[in-house]
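As provided, entry_21.cif (mmCIF, C-alpha atoms) reads as follows.
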```
data_data
#
loop_
_atom_site.label_atom_id
_atom_site.label_comp_id
_atom_site.auth_asym_id
_atom_site.auth_seq_id
_atom_site.Cartn_x
_atom_site.Cartn_y
_atom_site.Cartn_z
CA MET D 1 -36.00 -26.77 14.06
CA SER D 2 -38.33 -23.93 14.92
CA THR D 3 -40.22 -22.32 12.06
CA SER D 4 -38.22 -19.15 12.51
CA TYR D 5 -34.85 -20.87 12.10
CA THR D 6 -36.15 -23.03 9.24
CA GLU D 7 -37.24 -19.96 7.31
CA ARG D 8 -34.02 -18.11 8.02
CA TRP D 9 -31.89 -21.14 7.03
CA ASN D 10 -33.75 -21.63 3.76
CA HIS D 11 -33.63 -17.93 3.00
CA SER D 12 -29.95 -17.36 3.69
CA LEU D 13 -27.97 -20.59 3.21
CA MET D 14 -27.22 -22.52 0.03
CA ASN D 15 -29.18 -25.74 -0.24
CA ASN D 16 -26.19 -28.08 -0.48
CA TYR D 17 -27.04 -29.68 2.87
CA GLY D 18 -30.82 -29.51 2.69
CA THR D 19 -32.83 -28.13 5.59
CA PRO D 20 -31.62 -29.40 8.99
CA PRO D 21 -34.31 -30.85 11.27
CA ILE D 22 -33.14 -29.04 14.41
CA THR D 23 -30.97 -26.07 15.37
CA LEU D 24 -28.42 -26.69 18.11
CA VAL D 25 -27.51 -23.81 20.38
CA ARG D 26 -25.46 -25.36 23.19
CA GLY D 27 -23.44 -28.43 24.12
CA GLU D 28 -22.28 -29.88 27.41
CA GLY D 29 -20.25 -33.07 27.60
CA ALA D 30 -21.97 -35.73 25.51
CA TYR D 31 -25.20 -33.75 25.28
CA VAL D 32 -26.42 -30.99 22.99
CA PHE D 33 -29.47 -28.74 23.29
CA ASP D 34 -31.65 -27.27 20.56
CA ASP D 35 -33.23 -23.84 20.30
CA GLU D 36 -36.42 -25.14 21.88
CA GLY D 37 -34.63 -26.50 24.96
CA ASN D 38 -34.69 -30.16 23.95
CA LYS D 39 -31.75 -32.29 25.12
CA TYR D 40 -30.06 -34.94 22.98
CA LEU D 41 -27.36 -37.53 23.64
CA ASP D 42 -24.93 -36.81 20.83
CA LEU D 43 -24.01 -40.20 19.36
CA LEU D 44 -22.59 -38.69 16.17
CA ALA D 45 -20.28 -35.98 17.59
CA GLY D 46 -20.46 -33.74 14.53
CA ILE D 47 -19.57 -36.75 12.36
CA ALA D 48 -16.76 -38.13 14.53
CA VAL D 49 -15.34 -34.68 15.27
CA ASN D 50 -16.16 -33.80 18.88
CA ILE D 51 -14.20 -36.60 20.51
CA LEU D 52 -14.10 -34.73 23.83
CA GLY D 53 -17.77 -33.86 23.67
CA HIS D 54 -18.86 -30.26 23.93
CA ALA D 55 -17.28 -27.39 25.87
CA HIS D 56 -14.51 -29.59 27.21
CA PRO D 57 -12.56 -27.46 29.75
CA ARG D 58 -9.17 -28.29 28.21
CA VAL D 59 -10.21 -27.14 24.75
CA VAL D 60 -11.97 -24.05 26.09
CA GLU D 61 -8.88 -23.09 28.08
CA ALA D 62 -6.46 -23.80 25.22
CA VAL D 63 -8.42 -21.81 22.66
CA SER D 64 -9.15 -18.92 25.02
CA SER D 65 -5.55 -18.61 26.12
CA GLN D 66 -4.11 -18.87 22.63
CA ILE D 67 -6.43 -16.34 20.99
CA LYS D 68 -5.37 -13.82 23.63
CA LEU D 69 -1.73 -14.49 22.84
CA LEU D 70 -1.44 -15.09 19.09
CA GLY D 71 -4.39 -15.87 16.83
CA HIS D 72 -2.88 -16.19 13.37
CA THR D 73 0.49 -15.90 11.69
CA SER D 74 -0.14 -17.03 8.07
CA ASN D 75 2.35 -19.46 6.59
CA LEU D 76 4.95 -16.73 6.22
CA TYR D 77 6.04 -17.25 9.81
CA GLY D 78 6.30 -20.15 12.20
CA ASN D 79 4.63 -20.39 15.56
CA ASP D 80 5.33 -22.50 18.60
CA LYS D 81 2.00 -24.35 18.74
CA THR D 82 2.09 -25.56 15.14
CA ILE D 83 5.64 -26.83 15.54
CA ALA D 84 4.78 -28.56 18.81
CA LEU D 85 1.74 -30.22 17.26
CA ALA D 86 3.72 -31.55 14.29
CA GLU D 87 6.28 -33.01 16.68
CA ARG D 88 3.58 -34.60 18.83
CA LEU D 89 1.85 -36.23 15.87
CA LEU D 90 5.09 -37.64 14.54
CA ALA D 91 5.95 -38.97 17.99
CA LEU D 92 2.59 -40.76 18.11
CA THR D 93 3.40 -42.51 14.85
CA GLY D 94 6.88 -43.42 16.06
CA ARG D 95 8.32 -42.65 12.61
CA GLU D 96 10.34 -39.97 10.88
CA GLY D 97 8.25 -37.78 8.63
CA LYS D 98 6.92 -34.33 7.82
CA VAL D 99 3.51 -32.78 8.47
CA PHE D 100 1.43 -30.42 6.35
CA PHE D 101 -1.42 -28.70 8.20
CA CYS D 102 -4.65 -27.61 6.54
CA ASN D 103 -8.27 -27.00 7.57
CA SER D 104 -10.20 -30.17 6.76
CA GLY D 105 -10.08 -33.78 5.68
CA ALA D 106 -10.77 -32.93 2.06
CA GLU D 107 -7.79 -30.59 2.05
CA ALA D 108 -5.62 -33.23 3.69
CA ASN D 109 -6.51 -35.64 0.90
CA GLU D 110 -5.94 -32.96 -1.73
CA ALA D 111 -2.43 -32.61 -0.36
CA ALA D 112 -1.91 -36.36 -0.59
CA PHE D 113 -3.15 -36.25 -4.18
CA LYS D 114 -0.61 -33.55 -5.05
CA ILE D 115 2.19 -35.36 -3.24
CA SER D 116 1.47 -38.42 -5.38
CA ARG D 117 1.82 -36.37 -8.57
CA LEU D 118 5.32 -35.38 -7.47
CA THR D 119 6.39 -39.01 -7.78
CA GLY D 120 6.31 -38.46 -11.54
CA ARG D 121 3.39 -40.84 -11.96
CA THR D 122 -0.30 -40.03 -12.31
CA LYS D 123 -2.26 -43.26 -11.86
CA ILE D 124 -4.18 -43.59 -8.61
CA VAL D 125 -6.03 -46.58 -7.21
CA ALA D 126 -8.91 -45.95 -4.79
CA ALA D 127 -11.96 -47.87 -3.61
CA GLU D 128 -15.52 -48.01 -4.82
CA GLY D 129 -17.82 -46.51 -2.20
CA ALA D 130 -14.97 -44.60 -0.56
CA PHE D 131 -15.37 -41.04 0.66
CA HIS D 132 -12.34 -38.74 0.63
CA GLY D 133 -14.06 -35.34 0.40
CA ARG D 134 -15.90 -33.11 -2.04
CA THR D 135 -13.31 -30.71 -3.42
CA MET D 136 -12.48 -31.51 -7.04
CA GLY D 137 -9.35 -33.52 -6.32
CA SER D 138 -10.68 -35.38 -3.31
CA LEU D 139 -13.96 -35.94 -5.15
CA ALA D 140 -12.01 -37.68 -7.91
CA LEU D 141 -10.72 -40.08 -5.23
CA THR D 142 -14.20 -40.55 -3.75
CA GLY D 143 -15.71 -43.70 -5.18
CA GLN D 144 -19.34 -42.60 -5.22
CA PRO D 145 -20.49 -41.80 -8.79
CA PRO D 146 -23.67 -39.90 -7.77
CA LYS D 147 -21.54 -37.35 -5.92
CA GLN D 148 -19.13 -37.06 -8.85
CA ALA D 149 -21.49 -36.95 -11.82
CA PRO D 150 -22.60 -33.28 -11.65
CA PHE D 151 -18.99 -32.10 -11.55
CA MET D 152 -17.36 -34.08 -14.33
CA PRO D 153 -14.73 -33.95 -15.62
CA LEU D 154 -12.70 -34.48 -12.49
CA PRO D 155 -8.92 -34.88 -12.28
CA GLY D 156 -8.34 -38.14 -14.08
CA ASP D 157 -6.37 -41.37 -14.00
CA VAL D 158 -8.15 -42.69 -10.92
CA THR D 159 -9.15 -46.36 -10.92
CA HIS D 160 -11.73 -47.50 -8.37
CA VAL D 161 -11.76 -51.12 -7.26
CA PRO D 162 -14.14 -52.97 -4.91
CA TYR D 163 -13.26 -52.27 -1.27
CA GLY D 164 -11.96 -55.34 0.52
CA ASP D 165 -11.25 -57.25 -2.70
CA THR D 166 -7.55 -58.01 -2.39
CA ALA D 167 -7.19 -59.57 -5.82
CA ALA D 168 -8.84 -56.62 -7.56
CA ALA D 169 -6.65 -54.11 -5.76
CA VAL D 170 -3.43 -56.01 -6.37
CA ALA D 171 -4.29 -56.41 -10.05
CA ALA D 172 -4.96 -52.69 -10.44
CA ILE D 173 -1.67 -51.57 -8.89
CA ASP D 174 1.22 -51.51 -11.35
CA GLU D 175 4.47 -49.70 -12.11
CA GLN D 176 2.53 -46.64 -13.31
CA THR D 177 0.66 -46.26 -10.02
CA ALA D 178 1.52 -43.14 -8.06
CA MET D 179 -0.53 -43.98 -4.98
CA VAL D 180 -3.18 -46.23 -3.54
CA ILE D 181 -5.52 -44.49 -1.13
CA LEU D 182 -7.83 -46.38 1.20
CA GLU D 183 -9.75 -45.85 4.42
CA PRO D 184 -8.76 -48.36 7.14
CA ILE D 185 -12.48 -48.54 7.87
CA MET D 186 -14.82 -47.09 5.26
CA GLY D 187 -16.74 -44.44 7.21
CA GLU D 188 -19.20 -42.64 4.96
CA GLY D 189 -19.44 -45.82 2.92
CA GLY D 190 -21.31 -47.44 5.79
CA VAL D 191 -18.62 -48.24 8.40
CA GLN D 192 -17.29 -51.13 6.34
CA VAL D 193 -14.44 -53.11 7.87
CA PRO D 194 -12.16 -54.81 5.31
CA PRO D 195 -11.24 -58.48 5.67
CA ALA D 196 -8.15 -59.37 7.69
CA GLY D 197 -4.97 -59.06 5.66
CA TYR D 198 -6.47 -56.79 3.00
CA LEU D 199 -4.67 -53.59 3.92
CA ARG D 200 -1.32 -55.34 4.35
CA ALA D 201 -1.63 -57.09 0.97
CA VAL D 202 -2.42 -53.79 -0.74
CA GLN D 203 0.42 -52.06 1.08
CA ASP D 204 2.90 -54.75 0.08
CA ARG D 205 1.83 -54.60 -3.57
CA ALA D 206 2.09 -50.81 -3.59
CA HIS D 207 5.55 -50.88 -2.09
CA ALA D 208 6.66 -53.62 -4.46
CA VAL D 209 5.97 -51.40 -7.48
CA GLY D 210 7.14 -48.14 -5.91
CA ALA D 211 3.70 -46.64 -5.33
CA LEU D 212 2.71 -44.65 -2.26
CA PHE D 213 0.42 -46.42 0.18
CA VAL D 214 -1.89 -43.74 1.60
CA LEU D 215 -4.41 -44.23 4.39
CA ASP D 216 -7.25 -41.77 4.86
CA GLU D 217 -7.57 -41.63 8.65
CA VAL D 218 -9.76 -38.55 8.62
CA GLN D 219 -12.55 -40.40 10.39
CA THR D 220 -10.61 -43.22 12.08
CA GLY D 221 -7.63 -41.26 13.39
CA ILE D 222 -7.03 -39.70 16.84
CA ALA D 223 -8.30 -42.50 19.09
CA ARG D 224 -11.62 -43.11 17.31
CA THR D 225 -10.97 -46.86 17.00
CA GLY D 226 -9.10 -47.21 20.29
CA ASN D 227 -5.68 -46.65 18.73
CA TRP D 228 -4.15 -43.29 17.94
CA PHE D 229 -4.45 -44.29 14.29
CA ALA D 230 -6.42 -47.27 12.99
CA TYR D 231 -3.50 -48.57 10.92
CA GLN D 232 -1.50 -49.21 14.09
CA SER D 233 -3.69 -52.18 14.99
CA ASP D 234 -2.33 -53.95 11.90
CA ASP D 235 1.24 -52.66 12.31
CA LEU D 236 1.21 -51.19 8.80
CA GLN D 237 3.76 -48.77 7.34
CA PRO D 238 1.81 -46.29 5.19
CA ASP D 239 3.75 -43.66 3.28
CA VAL D 240 1.11 -41.01 3.98
CA ILE D 241 -1.80 -40.68 6.39
CA THR D 242 -4.42 -37.95 6.40
CA LEU D 243 -6.17 -36.62 9.51
CA ALA D 244 -8.86 -34.11 10.47
CA LYS D 245 -12.16 -34.52 12.38
CA GLY D 246 -11.13 -35.58 15.91
CA LEU D 247 -7.79 -33.79 15.78
CA GLY D 248 -9.25 -30.41 16.68
CA ALA D 249 -12.32 -31.63 18.59
CA GLY D 250 -14.43 -29.00 16.81
CA MET D 251 -11.74 -26.57 15.71
CA PRO D 252 -11.04 -26.76 11.94
CA ILE D 253 -7.73 -28.49 11.37
CA GLY D 254 -6.48 -31.24 9.09
CA ALA D 255 -3.08 -32.82 8.63
CA THR D 256 -1.23 -34.77 5.99
CA ILE D 257 1.66 -36.76 7.44
CA ALA D 258 4.18 -38.17 4.97
CA PHE D 259 6.87 -40.57 6.12
CA GLY D 260 10.38 -41.09 4.86
CA ALA D 261 11.11 -39.90 1.34
CA ALA D 262 7.45 -39.04 0.76
CA GLY D 263 7.83 -36.29 3.35
CA ASP D 264 10.30 -34.48 1.15
CA LEU D 265 8.23 -34.41 -2.06
CA PHE D 266 6.67 -31.06 -1.24
CA THR D 267 9.21 -28.28 -1.70
CA ALA D 268 8.87 -24.53 -1.19
CA GLY D 269 5.93 -23.30 -3.28
CA SER D 270 4.49 -26.76 -3.99
CA HIS D 271 1.40 -26.28 -1.86
CA GLY D 272 -0.07 -24.08 0.84
CA THR D 273 -3.05 -22.79 2.75
CA THR D 274 -3.57 -19.54 4.61
CA PHE D 275 -5.23 -20.80 7.77
CA GLY D 276 -3.92 -24.38 7.97
CA GLY D 277 -2.70 -25.31 11.42
CA ASN D 278 -3.02 -21.81 12.80
CA PRO D 279 -1.95 -21.46 16.44
CA VAL D 280 -5.46 -21.46 17.89
CA CYS D 281 -6.41 -24.71 16.15
CA ALA D 282 -3.01 -26.19 16.95
CA ALA D 283 -3.45 -25.30 20.62
CA ALA D 284 -6.83 -27.01 20.61
CA ALA D 285 -5.32 -30.11 19.01
CA LEU D 286 -2.55 -30.24 21.60
CA ALA D 287 -5.20 -30.07 24.32
CA VAL D 288 -7.04 -32.93 22.64
CA LEU D 289 -3.95 -35.13 22.59
CA ASP D 290 -3.29 -34.37 26.26
CA ALA D 291 -6.87 -35.22 27.19
CA VAL D 292 -6.79 -38.52 25.31
CA VAL D 293 -3.79 -39.54 27.41
CA ASP D 294 -4.89 -38.14 30.77
CA GLU D 295 -8.45 -39.46 30.50
CA ASP D 296 -7.29 -42.84 29.18
CA LEU D 297 -9.58 -42.53 26.17
CA LEU D 298 -7.79 -45.17 24.14
CA SER D 299 -8.72 -47.94 26.57
CA ARG D 300 -12.10 -46.41 27.29
CA THR D 301 -12.93 -46.33 23.59
CA LYS D 302 -12.11 -50.00 23.14
CA ASP D 303 -14.02 -51.03 26.27
CA ASN D 304 -17.11 -48.94 25.55
CA GLY D 305 -17.11 -50.04 21.93
CA ALA D 306 -17.15 -53.68 22.97
CA HIS D 307 -19.87 -52.94 25.53
CA LEU D 308 -22.02 -51.27 22.88
CA VAL D 309 -21.68 -54.25 20.56
CA ASP D 310 -22.61 -56.67 23.34
CA ALA D 311 -25.56 -54.58 24.49
CA VAL D 312 -27.08 -54.12 21.03
CA THR D 313 -26.49 -57.77 20.16
CA ALA D 314 -28.12 -58.86 23.43
CA LEU D 315 -31.35 -57.16 22.35
CA GLY D 316 -31.83 -59.98 19.88
CA HIS D 317 -33.86 -57.62 17.74
CA PRO D 318 -35.01 -59.30 14.51
CA LEU D 319 -34.03 -56.29 12.37
CA VAL D 320 -30.45 -56.06 13.70
CA THR D 321 -28.12 -58.17 11.59
CA GLU D 322 -24.76 -57.02 12.98
CA VAL D 323 -22.85 -54.31 14.80
CA ARG D 324 -19.69 -53.63 12.83
CA GLY D 325 -16.73 -51.28 13.17
CA GLU D 326 -14.04 -50.68 15.77
CA GLY D 327 -13.95 -48.74 19.02
CA MET D 328 -16.41 -45.88 18.90
CA LEU D 329 -16.97 -45.96 15.15
CA ARG D 330 -19.85 -48.40 14.67
CA ALA D 331 -22.73 -49.20 12.38
CA ILE D 332 -25.80 -51.17 13.32
CA GLY D 333 -26.66 -53.21 10.26
CA LEU D 334 -30.37 -53.76 9.59
CA SER D 335 -32.23 -56.31 7.51
CA ALA D 336 -34.59 -53.66 6.10
CA ASP D 337 -34.20 -50.12 4.81
CA VAL D 338 -35.50 -48.46 7.95
CA ALA D 339 -32.40 -46.57 9.09
CA GLY D 340 -33.82 -43.18 8.09
CA THR D 341 -37.02 -43.77 10.03
CA ALA D 342 -35.07 -45.03 13.02
CA GLN D 343 -32.81 -41.97 12.89
CA ASN D 344 -35.86 -39.69 13.09
CA ASN D 345 -37.50 -41.77 15.81
CA LEU D 346 -34.32 -41.72 17.87
CA ARG D 347 -34.01 -37.96 17.49
CA ASP D 348 -37.55 -37.62 18.81
CA LYS D 349 -36.46 -39.71 21.80
CA GLY D 350 -33.38 -37.55 22.43
CA PHE D 351 -30.60 -39.38 20.56
CA LEU D 352 -28.62 -38.10 17.55
CA VAL D 353 -27.46 -40.85 15.18
CA ASN D 354 -26.84 -41.05 11.44
CA ALA D 355 -28.55 -43.20 8.83
CA VAL D 356 -25.30 -43.70 6.93
CA ALA D 357 -27.06 -46.13 4.56
CA PRO D 358 -30.71 -47.12 4.12
CA ASN D 359 -29.98 -50.24 6.17
CA ALA D 360 -27.32 -48.99 8.60
CA ILE D 361 -27.23 -46.61 11.57
CA ARG D 362 -23.84 -45.02 12.24
CA LEU D 363 -22.66 -44.25 15.76
CA ALA D 364 -19.58 -42.09 16.34
CA PRO D 365 -20.13 -40.62 19.80
CA PRO D 366 -17.74 -38.47 21.82
CA LEU D 367 -15.10 -40.73 23.33
CA ILE D 368 -16.02 -39.38 26.76
CA VAL D 369 -19.47 -40.98 26.58
CA ASP D 370 -20.06 -43.41 29.44
CA ARG D 371 -21.71 -46.81 29.56
CA ALA D 372 -24.81 -45.58 31.33
CA GLN D 373 -25.40 -43.08 28.54
CA LEU D 374 -24.84 -45.74 25.87
CA ASP D 375 -27.28 -48.01 27.69
CA THR D 376 -30.03 -45.40 27.47
CA PHE D 377 -29.61 -45.48 23.69
CA VAL D 378 -29.71 -49.27 23.57
CA ALA D 379 -32.88 -49.27 25.65
CA ALA D 380 -34.52 -46.82 23.23
CA LEU D 381 -33.46 -48.66 20.07
CA PRO D 382 -36.20 -51.34 19.85
CA ASP D 383 -39.04 -48.82 19.86
CA ALA D 384 -37.19 -46.67 17.32
CA LEU D 385 -37.00 -49.64 14.97
CA LYS D 386 -40.73 -50.24 15.04
CA GLY D 387 -41.31 -47.99 12.05
CA GLU D 388 -43.36 -44.84 11.56
#
```
Here is a file; write its structure as structure tokens.
Amino acid sequence: MSTSYTERWNHSLMNNYGTPPITLVRGEGAYVFDDEGNKYLDLLAGIAVNILGHAHPRVVEAVSSQIKLLGHTSNLYGNDKTIALAERLLALTGREGKVFFCNSGAEANEAAFKISRLTGRTKIVAAEGAFHGRTMGSLALTGQPPKQAPFMPLPGDVTHVPYGDTAAAVAAIDEQTAMVILEPIMGEGGVQVPPAGYLRAVQDRAHAVGALFVLDEVQTGIARTGNWFAYQSDDLQPDVITLAKGLGAGMPIGATIAFGAAGDLFTAGSHGTTFGGNPVCAAAALAVLDAVVDEDLLSRTKDNGAHLVDAVTALGHPLVTEVRGEGMLRAIGLSADVAGTAQNNLRDKGFLVNAVAPNAIRLAPPLIVDRAQLDTFVAALPDALKGE
């Protein structure tokens, strides 16, 4: 970031994110450009948000047209775009349910938290290392003590169990449990994929004792793994799923979808948000869903994800231990804590990635990225892993 922007950032913004290394001023497809004219292949997509890349014509048209027509209604009135989006999302799940729209993933998980309280129970089971957001309720679900500690006490009665440990989860779920909330793939926790059968076993235990089975699809939902929702690859039947990130492709929108009886737990006055699912964001989301279909991004995501795994693996680099994840949500596991250095080296070479852990590089590129672009990253990776 130029000295001017660094000074202005530090002078005018709270320090909760630290000082960013660069300032982006423009995006085009899978590329972004900084204030000094440098070009980067965006392999993080605003943390899995910009699934159509930058300045996608469908989103630009949808937002531009809608803001001219009707920009905001509050929740006192309905609007056609919000209704249409709820119907489209339910159709994609193939199940009967109800949708609550909000502005972010944290809010979507807050809504799930409140829905669970309306079961008459308070106990919640979540996973160690999980990330469900930073608002007080979602932070209580987040299984990362360093993020929680400064803000204690948080809403209570949350038990965290090791992610992927079926026996631990099953043992923690009992007749007092209101809900179990898990990520199908742990995103901020390092793109951790649970063992086969884990999610189904937890779901079955939750349902056996009358607890809600909730999946946080904030990062994995909307085609990110090559399915509309990650849970569909295991044919699960969650009671609630939460969405955000890719849904609006850059416009702020989140959604909590509750199926069956869970969809009727919120009643008038139970919950709300002023801007949630406003018509401009809903129009953008509808454009995103259309683009995923018309550009065949579900198949493309699976194919390009497999290609990326093969290409990185074929490097045979001694520091690369694995490439884990699904579709276009991947982490390159490393045998040494050099992810931060590699992230900086790659940025210098024109690639934006995320050191999601000291020994893991996260990739969550726009789903429109092509193989040739991915190959340029793979070619640059060995030098980036050399160190300082």
Report as a PyMOL selection string the residues that result from applying the PyMOL selection byres ((chain D and resi 265) around 8) to the structure here. chain D and resi 115+118-119+261-264+266-267
Need to verify the contact set: stretch 210-212 of chain D, 12 Å, all atoms listed in the file, exclusion of same-chain residues closer than 4 positions in sequence. Can you return it as a PyMOL selection string? chain D and resi 112-126+170+172-182+202-206+237-241+258-263+265
I need the output of the PyMOL selection byres ((chain D and resi 317) around 12) for this file as a VMD selection string; which residues are they? chain D and resid 311 to 316 318 to 323 332 to 335 378 to 379 381 to 386
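Between atom CA of D:Ala171 and atom CA of D:Glu128 lies a distance of 15.0 Å.
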Box for stretch 361-370 of chain D - axis-aligned, 8 Å on each of the six sides, all listed atoms - centre and size in Å to one decimal, as JSON.
```
{"center_x": -21.2, "center_y": -42.5, "center_z": 20.5, "size_x": 28.1, "size_y": 24.1, "size_z": 33.9}
```
As a list in words, please: the residues near D:Glu188 (cut-off 7 Å, only C-alpha atoms, same-chain neighbours under 2 positions excluded).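 Answer for this query is Phe131, Met186, Gly190, Val191 and Val356 of chain D.
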Translate the PyMOL selection byres ((chain D and resi 187) around 10) into a concrete residue list for this structure, as a list in words. Ile47, Ala48, Gly129, Ala130, Phe131, His132, Glu183, Pro184, Ile185, Met186, Glu188, Gly189, Gly190, Val191, Gln192, Val193, Glu217, Val218, Gln219, Thr220, Gly325, Leu329, Arg330, Ala331, Val356, Arg362 and Ala364 of chain D
Could you tell me which of D:Ala201, D:Leu141, D:Ala230, D:Leu236 comes closest to D:Lys302 if we count only C-alpha atoms?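 Nearest to D:Lys302: D:Ala230.
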Would you kindly identify which residues have an atom no farther than 10 Å from (-4.6, -33.2, -0.2), using all atoms listed in the file and the file's own coordinates, and write them out as a ChimeraX atom specification? /D:100,102,104-116,132-133,135,137-138,242,254-256,271
Select, from D:Gly156, D:Pro365, D:Gly18, D:Gly350, the residue with the minimum atom-to-atom distance to D:Tyr40, counting all atoms listed in the file.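 Closest to D:Tyr40 of all the choices is D:Gly350.
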I need the residue nearest D:Pro57 from this list: D:Leu24, D:Ala287, D:Ala372, D:Leu41. Use only C-alpha atoms for the distance.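 Closest to D:Pro57, using only C-alpha atoms: D:Ala287.
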To one decimal place, how far is atom CA of D:Leu13 from atom CA of D:Ala339 in Å?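 Rounded to one decimal, the two atoms are 27.0 Å apart.
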Atom CA of D:Thr159 to atom CA of D:Leu243, straight-line distance in Å: 22.8 Å
Taking only C-alpha atoms into account, which of D:Val280, D:Ala306, D:Leu289, D:Ala140 comes nearest D:Met328? D:Ala306
Might you pull out every residue within 10 Å of D:Asn38, with only C-alpha atoms counted and same-chain residues fewer than 3 positions away left off, and present them as a PyMOL selection string? chain D and resi 22+24+32-35+348-350
Prev. selection, C-alpha atoms, output as an mmCIF file, in the coordinates of the input:
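The result, stored in selection-v1.cif:
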```
data_model
loop_
_atom_site.group_PDB
_atom_site.id
_atom_site.type_symbol
_atom_site.label_atom_id
_atom_site.label_comp_id
_atom_site.auth_asym_id
_atom_site.auth_seq_id
_atom_site.Cartn_x
_atom_site.Cartn_y
_atom_site.Cartn_z
ATOM 1 C CA ILE D 22 -33.140 -29.040 14.410
ATOM 2 C CA LEU D 24 -28.420 -26.690 18.110
ATOM 3 C CA VAL D 32 -26.420 -30.990 22.990
ATOM 4 C CA PHE D 33 -29.470 -28.740 23.290
ATOM 5 C CA ASP D 34 -31.650 -27.270 20.560
ATOM 6 C CA ASP D 35 -33.230 -23.840 20.300
ATOM 7 C CA ASP D 348 -37.550 -37.620 18.810
ATOM 8 C CA LYS D 349 -36.460 -39.710 21.800
ATOM 9 C CA GLY D 350 -33.380 -37.550 22.430
#
```
Within 9 Å of stretch 79-95 of chain D, counting all atoms listed in the file, which residues qualify if same-chain residues fewer than 2 places away don't, as a list of chain:residue names?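 The neighbour list is D:Leu70, D:His72, D:Thr73, D:Tyr77, D:Gly97, D:Lys98, D:Val99, D:Phe100, D:Phe101, D:Trp228, D:Phe229, D:Gln232, D:Ala255, D:Ile257, D:Phe259, D:Gly260, D:Gly277, D:Asn278, D:Pro279, D:Val280, D:Cys281, D:Ala282, D:Ala283, D:Ala285, D:Leu286, D:Leu289.
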With only C-alpha atoms as the basis for distance, which of D:His56, D:Val49, D:Gly269, D:Tyr163 is at the shortest distance from D:Ile253?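 The shortest atom-to-atom distance to D:Ile253 comes from D:Val49.
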Fix up stretch 209-220 of chain D with N, CA and C atoms, then write it as a PDB file, in the coordinates of the input.
```pdb
ATOM      1  N   VAL D 209       5.874 -52.075  -6.179  1.00  0.00           N
ATOM      2  CA  VAL D 209       5.970 -51.400  -7.480  1.00  0.00           C
ATOM      3  C   VAL D 209       6.356 -49.929  -7.328  1.00  0.00           C
ATOM      4  N   GLY D 210       6.684 -49.514  -6.114  1.00  0.00           N
ATOM      5  CA  GLY D 210       7.140 -48.140  -5.910  1.00  0.00           C
ATOM      6  C   GLY D 210       6.034 -47.116  -5.804  1.00  0.00           C
ATOM      7  N   ALA D 211       4.826 -47.573  -5.492  1.00  0.00           N
ATOM      8  CA  ALA D 211       3.700 -46.640  -5.330  1.00  0.00           C
ATOM      9  C   ALA D 211       3.545 -46.265  -3.866  1.00  0.00           C
ATOM     10  N   LEU D 212       2.987 -45.080  -3.632  1.00  0.00           N
ATOM     11  CA  LEU D 212       2.710 -44.650  -2.260  1.00  0.00           C
ATOM     12  C   LEU D 212       1.477 -45.368  -1.737  1.00  0.00           C
ATOM     13  N   PHE D 213       1.563 -45.808  -0.501  1.00  0.00           N
ATOM     14  CA  PHE D 213       0.420 -46.420   0.180  1.00  0.00           C
ATOM     15  C   PHE D 213      -0.121 -45.376   1.158  1.00  0.00           C
ATOM     16  N   VAL D 214      -1.320 -44.867   0.858  1.00  0.00           N
ATOM     17  CA  VAL D 214      -1.890 -43.740   1.600  1.00  0.00           C
ATOM     18  C   VAL D 214      -3.144 -44.205   2.339  1.00  0.00           C
ATOM     19  N   LEU D 215      -3.222 -43.896   3.603  1.00  0.00           N
ATOM     20  CA  LEU D 215      -4.410 -44.230   4.390  1.00  0.00           C
ATOM     21  C   LEU D 215      -5.125 -42.949   4.817  1.00  0.00           C
ATOM     22  N   ASP D 216      -6.385 -42.873   4.470  1.00  0.00           N
ATOM     23  CA  ASP D 216      -7.250 -41.770   4.860  1.00  0.00           C
ATOM     24  C   ASP D 216      -7.785 -42.079   6.257  1.00  0.00           C
ATOM     25  N   GLU D 217      -7.168 -41.433   7.249  1.00  0.00           N
ATOM     26  CA  GLU D 217      -7.570 -41.630   8.650  1.00  0.00           C
ATOM     27  C   GLU D 217      -8.361 -40.423   9.154  1.00  0.00           C
ATOM     28  N   VAL D 218      -9.002 -39.734   8.239  1.00  0.00           N
ATOM     29  CA  VAL D 218      -9.760 -38.550   8.620  1.00  0.00           C
ATOM     30  C   VAL D 218     -10.822 -38.893   9.657  1.00  0.00           C
ATOM     31  N   GLN D 219     -11.497 -40.010   9.461  1.00  0.00           N
ATOM     32  CA  GLN D 219     -12.550 -40.400  10.390  1.00  0.00           C
ATOM     33  C   GLN D 219     -12.040 -41.352  11.473  1.00  0.00           C
ATOM     34  N   THR D 220     -11.066 -42.180  11.150  1.00  0.00           N
ATOM     35  CA  THR D 220     -10.610 -43.220  12.080  1.00  0.00           C
ATOM     36  C   THR D 220      -9.477 -42.777  12.980  1.00  0.00           C
TER      37      THR D 220
END
```
